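Chemist: Quick one, input-v2.txt (compact mmCIF, C-alpha atoms):
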```
# COMPACT_ATOMS: atom_id res chain seq x y z
CA MET A 1 2.55 -17.09 16.36
CA SER A 2 3.47 -14.42 13.89
CA VAL A 3 6.24 -12.11 12.80
CA THR A 4 5.68 -8.68 11.32
CA LEU A 5 8.26 -6.46 9.66
CA GLN A 6 7.02 -2.90 9.32
CA THR A 7 8.26 0.58 8.49
CA ASP A 8 5.62 2.28 10.64
CA ALA A 9 6.21 2.98 14.33
CA PHE A 10 4.37 0.68 16.74
CA ASP A 11 2.94 0.96 20.25
CA PRO A 12 4.46 -1.79 22.45
CA GLY A 13 1.70 -1.44 25.04
CA ALA A 14 -1.02 -2.03 22.48
CA LEU A 15 0.83 -5.07 21.11
CA LEU A 16 1.21 -6.54 24.61
CA SER A 17 -2.46 -5.94 25.48
CA ALA A 18 -3.55 -7.65 22.27
CA PHE A 19 -1.20 -10.57 22.94
CA CYS A 20 -2.55 -11.06 26.50
CA ARG A 21 -6.20 -11.10 25.45
CA GLY A 22 -8.38 -14.22 25.58
CA ARG A 23 -6.05 -16.64 27.34
CA GLN A 24 -7.41 -19.22 29.78
CA GLU A 25 -4.44 -21.56 30.09
CA THR A 26 -1.47 -19.17 29.99
CA GLY A 27 0.31 -18.67 33.30
CA GLY A 28 2.90 -16.16 32.15
CA ILE A 29 3.64 -13.73 29.38
CA CYS A 30 7.04 -12.13 29.01
CA SER A 31 7.64 -9.23 26.67
CA PHE A 32 10.69 -7.27 25.61
CA THR A 33 10.78 -3.93 23.78
CA GLY A 34 14.04 -2.73 22.29
CA LEU A 35 14.57 0.98 21.60
CA ALA A 36 16.98 2.66 19.22
CA ARG A 37 19.75 4.35 21.21
CA ALA A 38 21.19 7.78 20.46
CA GLU A 39 24.72 6.69 21.58
CA ALA A 40 25.29 9.98 23.40
CA GLY A 41 24.08 11.98 20.43
CA GLN A 42 26.43 10.24 17.98
CA THR A 43 23.66 8.40 16.12
CA ARG A 44 21.04 10.52 14.41
CA LEU A 45 19.24 7.76 12.56
CA LEU A 46 19.34 3.99 12.30
CA THR A 47 18.28 2.32 9.07
CA LEU A 48 17.46 -1.37 9.00
CA GLU A 49 17.30 -3.21 5.72
CA ALA A 50 15.48 -6.55 5.47
CA TYR A 51 14.93 -9.01 2.62
CA PRO A 52 11.14 -9.47 2.61
CA GLY A 53 10.19 -13.13 2.36
CA PHE A 54 13.65 -14.20 3.54
CA THR A 55 14.12 -12.22 6.74
CA ASP A 56 10.62 -12.90 8.08
CA ALA A 57 10.84 -16.59 7.12
CA ALA A 58 14.17 -16.94 8.97
CA ILE A 59 12.73 -15.26 12.08
CA ALA A 60 9.59 -17.42 11.99
CA ALA A 61 11.63 -20.62 11.59
CA MET A 62 13.82 -19.69 14.53
CA ALA A 63 10.84 -18.73 16.71
CA LEU A 64 9.06 -22.00 15.93
CA GLU A 65 12.16 -23.91 16.96
CA ALA A 66 12.37 -21.90 20.19
CA ALA A 67 8.68 -22.49 20.85
CA GLY A 68 9.31 -26.23 20.72
CA ARG A 69 12.44 -26.02 22.81
CA PHE A 70 10.88 -23.95 25.61
CA GLY A 71 7.34 -25.29 25.36
CA LEU A 72 5.74 -21.99 24.41
CA GLN A 73 2.02 -21.72 23.82
CA ASP A 74 2.41 -18.65 21.63
CA TRP A 75 4.81 -15.92 20.53
CA ARG A 76 4.72 -12.62 18.70
CA ILE A 77 7.55 -10.67 17.07
CA VAL A 78 7.31 -7.20 15.53
CA HIS A 79 10.42 -5.63 14.01
CA ARG A 80 10.87 -2.23 12.45
CA VAL A 81 12.62 -1.80 9.12
CA GLY A 82 13.64 1.39 7.33
CA PRO A 83 14.70 4.58 9.13
CA ILE A 84 14.33 4.58 12.94
CA SER A 85 15.00 7.59 15.17
CA PRO A 86 16.60 7.36 18.63
CA GLY A 87 13.99 6.63 21.30
CA GLU A 88 11.67 4.76 18.96
CA ALA A 89 10.79 1.12 19.56
CA ILE A 90 12.67 -1.10 17.12
CA VAL A 91 11.66 -4.60 18.24
CA PHE A 92 8.88 -6.22 20.28
CA VAL A 93 8.95 -9.84 21.41
CA ALA A 94 6.27 -11.53 23.52
CA THR A 95 6.15 -15.13 24.68
CA ALA A 96 3.32 -17.02 26.37
CA ALA A 97 3.71 -20.21 28.41
CA ALA A 98 1.93 -22.18 31.11
CA HIS A 99 4.60 -21.12 33.60
CA ARG A 100 6.77 -18.00 33.85
CA ARG A 101 10.24 -19.58 33.58
CA ALA A 102 9.68 -20.77 30.02
CA ALA A 103 8.27 -17.39 28.98
CA PHE A 104 11.28 -15.51 30.44
CA GLU A 105 13.88 -17.83 28.97
CA ALA A 106 12.30 -18.03 25.52
CA CYS A 107 12.01 -14.25 25.31
CA ASP A 108 15.68 -13.84 26.31
CA HIS A 109 16.72 -16.48 23.78
CA LEU A 110 14.68 -14.95 20.96
CA MET A 111 16.19 -11.52 21.60
CA ASP A 112 19.75 -12.85 21.65
CA TRP A 113 19.15 -14.52 18.30
CA LEU A 114 17.43 -11.49 16.80
CA LYS A 115 20.29 -9.19 17.89
CA SER A 116 23.06 -11.36 16.54
CA ARG A 117 21.81 -13.60 13.74
CA ALA A 118 18.62 -12.25 12.24
CA PRO A 119 19.07 -11.35 8.56
CA PHE A 120 19.03 -7.57 8.78
CA TRP A 121 21.57 -5.06 7.53
CA LYS A 122 21.91 -2.10 9.85
CA GLN A 123 23.32 1.28 9.02
CA GLU A 124 24.03 4.04 11.51
CA GLN A 125 23.86 7.59 10.27
CA GLY A 126 25.98 9.60 12.66
CA LEU A 127 27.70 12.94 12.88
CA ASP A 128 30.73 11.55 11.03
CA GLY A 129 28.84 9.85 8.19
CA ASN A 130 27.13 6.52 7.58
CA ARG A 131 28.45 3.10 8.49
CA TRP A 132 27.18 -0.47 8.22
CA ILE A 133 27.09 -2.32 11.53
CA GLU A 134 27.94 -5.96 12.21
CA PRO A 135 27.08 -7.85 15.42
CA THR A 136 29.21 -6.91 18.42
CA ALA A 137 31.34 -9.49 20.27
CA ARG A 138 28.88 -9.09 23.14
CA ASP A 139 25.89 -9.90 20.91
CA LEU A 140 27.63 -13.03 19.59
CA ALA A 141 28.62 -14.15 23.09
CA ASP A 142 25.05 -13.64 24.33
CA ALA A 143 23.70 -15.78 21.48
CA ALA A 144 26.34 -18.49 22.05
CA ARG A 145 25.09 -19.04 25.64
CA TRP A 146 22.12 -20.89 24.16
CA ASP A 147 24.27 -23.10 21.92
CA GLU A 148 26.10 -24.32 25.02
CA ALA A 149 22.84 -24.86 26.86
CA ALA A 150 21.55 -26.98 23.98
CA GLY A 151 24.77 -29.03 23.77
CA MET B 1 17.41 -13.51 -17.19
CA ALA B 2 17.39 -13.35 -13.41
CA ARG B 3 16.34 -10.72 -10.92
CA VAL B 4 19.43 -9.79 -8.90
CA LEU B 5 19.20 -8.14 -5.47
CA LEU B 6 22.02 -6.56 -3.46
CA PHE B 7 21.84 -5.75 0.23
CA GLY B 8 23.73 -3.60 2.74
CA ARG B 9 27.21 -2.45 1.78
CA LEU B 10 27.06 -4.41 -1.50
CA ALA B 11 24.25 -2.16 -2.75
CA ASP B 12 26.19 0.95 -1.70
CA LEU B 13 29.28 -0.32 -3.49
CA ALA B 14 27.42 -1.14 -6.71
CA GLY B 15 25.15 1.89 -6.69
CA TRP B 16 22.08 -0.27 -7.37
CA ARG B 17 19.87 -2.63 -5.39
CA GLU B 18 17.95 -4.51 -8.03
CA ARG B 19 18.65 -5.35 -11.65
CA GLN B 20 17.65 -7.86 -14.34
CA VAL B 21 20.67 -9.79 -15.61
CA GLU B 22 20.85 -12.24 -18.51
CA ALA B 23 22.60 -15.36 -17.19
CA GLU B 24 22.14 -19.13 -17.38
CA SER B 25 23.80 -19.98 -14.08
CA LEU B 26 25.12 -18.45 -10.87
CA VAL B 27 28.69 -18.78 -12.14
CA ALA B 28 27.77 -16.98 -15.38
CA LEU B 29 25.92 -14.32 -13.42
CA ARG B 30 28.95 -13.64 -11.20
CA ALA B 31 31.13 -13.39 -14.32
CA ASP B 32 28.75 -10.91 -15.94
CA LEU B 33 28.50 -8.76 -12.82
CA SER B 34 32.27 -8.86 -12.38
CA LYS B 35 32.87 -7.84 -16.00
CA ALA B 36 30.52 -4.85 -15.66
CA ASP B 37 31.92 -3.85 -12.26
CA PRO B 38 35.19 -5.50 -11.14
CA ASP B 39 34.98 -3.99 -7.63
CA LEU B 40 31.53 -5.49 -7.14
CA GLY B 41 32.73 -8.81 -8.57
CA GLU B 42 35.51 -8.93 -6.02
CA ALA B 43 33.18 -7.99 -3.16
CA LEU B 44 30.74 -10.75 -4.18
CA ARG B 45 33.56 -13.31 -4.02
CA GLY B 46 34.26 -12.41 -0.36
CA PRO B 47 33.95 -15.42 1.98
CA SER B 48 31.40 -13.66 4.17
CA VAL B 49 28.95 -12.98 1.33
CA GLN B 50 26.12 -15.52 1.12
CA VAL B 51 23.88 -16.20 -1.87
CA ALA B 52 20.14 -16.89 -1.77
CA LEU B 53 18.38 -18.36 -4.79
CA ASP B 54 14.63 -17.86 -4.62
CA LYS B 55 15.01 -16.91 -0.93
CA VAL B 56 16.94 -20.07 0.03
CA LEU B 57 20.67 -19.97 0.86
CA VAL B 58 22.75 -21.95 -1.66
CA ARG B 59 26.41 -22.79 -2.18
CA GLY B 60 28.20 -23.44 -5.45
CA ASP B 61 26.65 -23.18 -8.89
CA ARG B 62 22.96 -23.37 -9.78
CA THR B 63 21.02 -23.13 -13.02
CA LEU B 64 18.98 -19.95 -13.39
CA THR B 65 15.60 -19.60 -15.06
CA PRO B 66 13.90 -16.39 -16.22
CA ASP B 67 11.98 -16.36 -12.93
CA SER B 68 15.01 -16.82 -10.69
CA GLU B 69 15.70 -14.34 -7.93
CA VAL B 70 19.32 -14.15 -6.78
CA ALA B 71 20.22 -12.19 -3.66
CA PHE B 72 23.76 -11.42 -2.51
CA LEU B 73 23.84 -11.04 1.27
CA PRO B 74 26.74 -9.42 3.14
CA PRO B 75 27.24 -10.35 6.83
CA MET B 76 23.97 -9.96 8.67
CA SER B 77 23.99 -7.42 11.45
CA GLY B 78 21.11 -8.67 13.54
CA GLY B 79 18.28 -6.34 14.48
```
Can you turn what I pasted into C-alpha cells?
Modeler:
Amino acid sequence: MSVTLQTDAFDPGALLSAFCRGRQETGGICSFTGLARAEAGQTRLLTLEAYPGFTDAAIAAMALEAAGRFGLQDWRIVHRVGPISPGEAIVFVATAAAHRRAAFEACDHLMDWLKSRAPFWKQEQGLDGNRWIEPTARDLADAARWDEAAG
Amino acid sequence: MARVLLFGRLADLAGWRERQVEAESLVALRADLSKADPDLGEALRGPSVQVALDKVLVRGDRTLTPDSEVAFLPPMSGG
C-alpha cells in the first residue's frame, strides 16, 4: 500500500510484476496504466505539478478509504510529475483482492478519482502556447458515479 | 515569517513559486501579498482558490508562526 510521485519515467510491466510477487491469498490483480496523449500532435509536452507531502497524502488517504470500501488486500499507485512527453506512462494503479470484481471496481474507482480530484496542476504545452488544464465534464461525471453508488 | 508557496496559474501570475513573507496571520499575509502585487491579491481571493496551512486545507484566518508553510492552491486538475 504505497503511493510514489516521481519525475523519472517508469516501466509499468516491472511495477506489475513486483506487485504480483509473493501472494498466496490474492485471487485477482487489476492494473491500469495511463499514457500521455499527443492530441493529434497538438500537445508537445504535459507538465504536472504536485505539492509534495500534500498531494501524496491526499492520494494515500483516498486509496486507503477505497481499500476499505472494496475490501482490497493491497494497492499501489505511481504517478509522474514534471514534464511528460506523449506516449510516456503517466500513472500506474494496481489493486489486489481475493476476488476479481473488487480488484476491477477499485482500480476503476481509483482512476476516476485520480483523474478528477487528485491535487495536481496540469499544464499542456502545445503549438499555440501553454495552458493550465482543469478536469473535463467527463472526468467529473465519471468520478460522480461512485458518489451515487455510495449514497 | 512564513514560507509561502504558489501553484499552477497562481505561480505564473506572480512570477514566483516560493517566498518568505513576514506576517502574523493569514489575513495579514493576504494583505501583504495584495499590497505588493494587487493582481495576485485579487487572484488569491478567488472562490476557487484553496489555502493549505502546514499541508492541511483551512478556511478563514489562522495565526502564523515562523515555521508556518502556507500554500495557495488553484483548482486541481487531476492527474
Chemist: Work out how far apart atom CA of B:Leu29 and atom CA of B:Ala2 are and give it in Å to one decimal.
Modeler: 8.6 Å
Chemist: Compile the residues of chain A that lie within 7 Å of chain B, evaluated using only C-alpha atoms, and express the compilation as a ChimeraX atom specification.
Modeler: /A:53-54,114-122,132-135
Chemist: Would you mind reading off the distance between atom CA of A:Leu46 and atom CA of A:Gln123, one decimal, in Å?
Modeler: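 For atom CA of A:Leu46 relative to atom CA of A:Gln123, the distance reads 5.8 Å.
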Chemist: Name all residues at most 6 Å from stretch 83-93 of chain A (count all atoms listed in the file; drop same-chain ones fewer than 2 positions away) and give them as a PyMOL selection string.
Modeler: chain A and resi 31-38+45-47+76-80
Chemist: How would the residues just picked look written out with C-alpha atoms as a PDB file, in the frame of the given file?
Modeler:
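This is the output file again31.pdb:
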```
ATOM      1  CA  SER A  31       7.640  -9.230  26.670  1.00  0.00           C
ATOM      2  CA  PHE A  32      10.690  -7.270  25.610  1.00  0.00           C
ATOM      3  CA  THR A  33      10.780  -3.930  23.780  1.00  0.00           C
ATOM      4  CA  GLY A  34      14.040  -2.730  22.290  1.00  0.00           C
ATOM      5  CA  LEU A  35      14.570   0.980  21.600  1.00  0.00           C
ATOM      6  CA  ALA A  36      16.980   2.660  19.220  1.00  0.00           C
ATOM      7  CA  ARG A  37      19.750   4.350  21.210  1.00  0.00           C
ATOM      8  CA  ALA A  38      21.190   7.780  20.460  1.00  0.00           C
ATOM      9  CA  LEU A  45      19.240   7.760  12.560  1.00  0.00           C
ATOM     10  CA  LEU A  46      19.340   3.990  12.300  1.00  0.00           C
ATOM     11  CA  THR A  47      18.280   2.320   9.070  1.00  0.00           C
ATOM     12  CA  ARG A  76       4.720 -12.620  18.700  1.00  0.00           C
ATOM     13  CA  ILE A  77       7.550 -10.670  17.070  1.00  0.00           C
ATOM     14  CA  VAL A  78       7.310  -7.200  15.530  1.00  0.00           C
ATOM     15  CA  HIS A  79      10.420  -5.630  14.010  1.00  0.00           C
ATOM     16  CA  ARG A  80      10.870  -2.230  12.450  1.00  0.00           C
TER      17      ARG A  80
END
```
Chemist: Rank A:Arg100, A:Ala9, A:Ile59, A:Tyr51 by their smallest atom-to-atom distance to B:Glu18, using all atoms listed in the file, and report the top residue only.
Modeler: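 For B:Glu18, the nearest of the candidates is A:Tyr51.
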Chemist: Find the residues near stretch 60-62 of chain B: any atom within 10 Å, counting all atoms listed in the file, skip ones fewer than 2 places away on the same chain, and give them as a short mmCIF file (atom, residue, chain, number, x, y, z; two decimals) with C-alpha atoms, in the coordinates of the input.
Modeler:
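This went into result-v1.cif:
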```cif
data_model
loop_
_atom_site.label_atom_id
_atom_site.label_comp_id
_atom_site.auth_asym_id
_atom_site.auth_seq_id
_atom_site.Cartn_x
_atom_site.Cartn_y
_atom_site.Cartn_z
CA GLU B 24 22.14 -19.13 -17.38
CA SER B 25 23.80 -19.98 -14.08
CA LEU B 26 25.12 -18.45 -10.87
CA VAL B 27 28.69 -18.78 -12.14
CA ALA B 28 27.77 -16.98 -15.38
CA LEU B 29 25.92 -14.32 -13.42
CA VAL B 51 23.88 -16.20 -1.87
CA LEU B 53 18.38 -18.36 -4.79
CA VAL B 58 22.75 -21.95 -1.66
CA LEU B 64 18.98 -19.95 -13.39
CA THR B 65 15.60 -19.60 -15.06
#
```
Chemist: Closest to A:Glu65 among A:Ala144, A:Leu5, A:Leu15, A:Leu110, using all atoms listed in the file?
Modeler: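 Among A:Ala144, A:Leu5, A:Leu15, A:Leu110, it is A:Leu110 that comes nearest to A:Glu65.
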Chemist: Residues at most 10 Å from B:Ala43, counting all atoms listed in the file, excluding those fewer than 3 positions away in the same chain, as JSON, numbers by chain?
Modeler: {"B": [9, 10, 13, 14, 34, 38, 39, 40, 46, 47, 48, 49, 74]}
Chemist: Have a look at B:Met1, B:Trp16, B:Arg59, B:Ala11 and name the one nearest to B:Asp32; count all atoms listed in the file.
Modeler: B:Met1
Chemist: Would you work out the distance separating atom CA of A:Gln6 from atom CA of B:Val21, expressed in Å to one decimal?
Modeler: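 Spanning atom CA of A:Gln6 to atom CA of B:Val21 is a straight-line distance of 29.2 Å.
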Chemist: Would you give the centre and edge lengths, in Å to one decimal, of a box along x, y and z around the listed atoms of stretch 42-56 of chain A, with 5 Å added to each side, as AutoDock Vina command-line options?
Modeler:
```
--center_x 18.3 --center_y -1.8 --center_z 10.2 --size_x 26.2 --size_y 34.7 --size_z 25.6
```
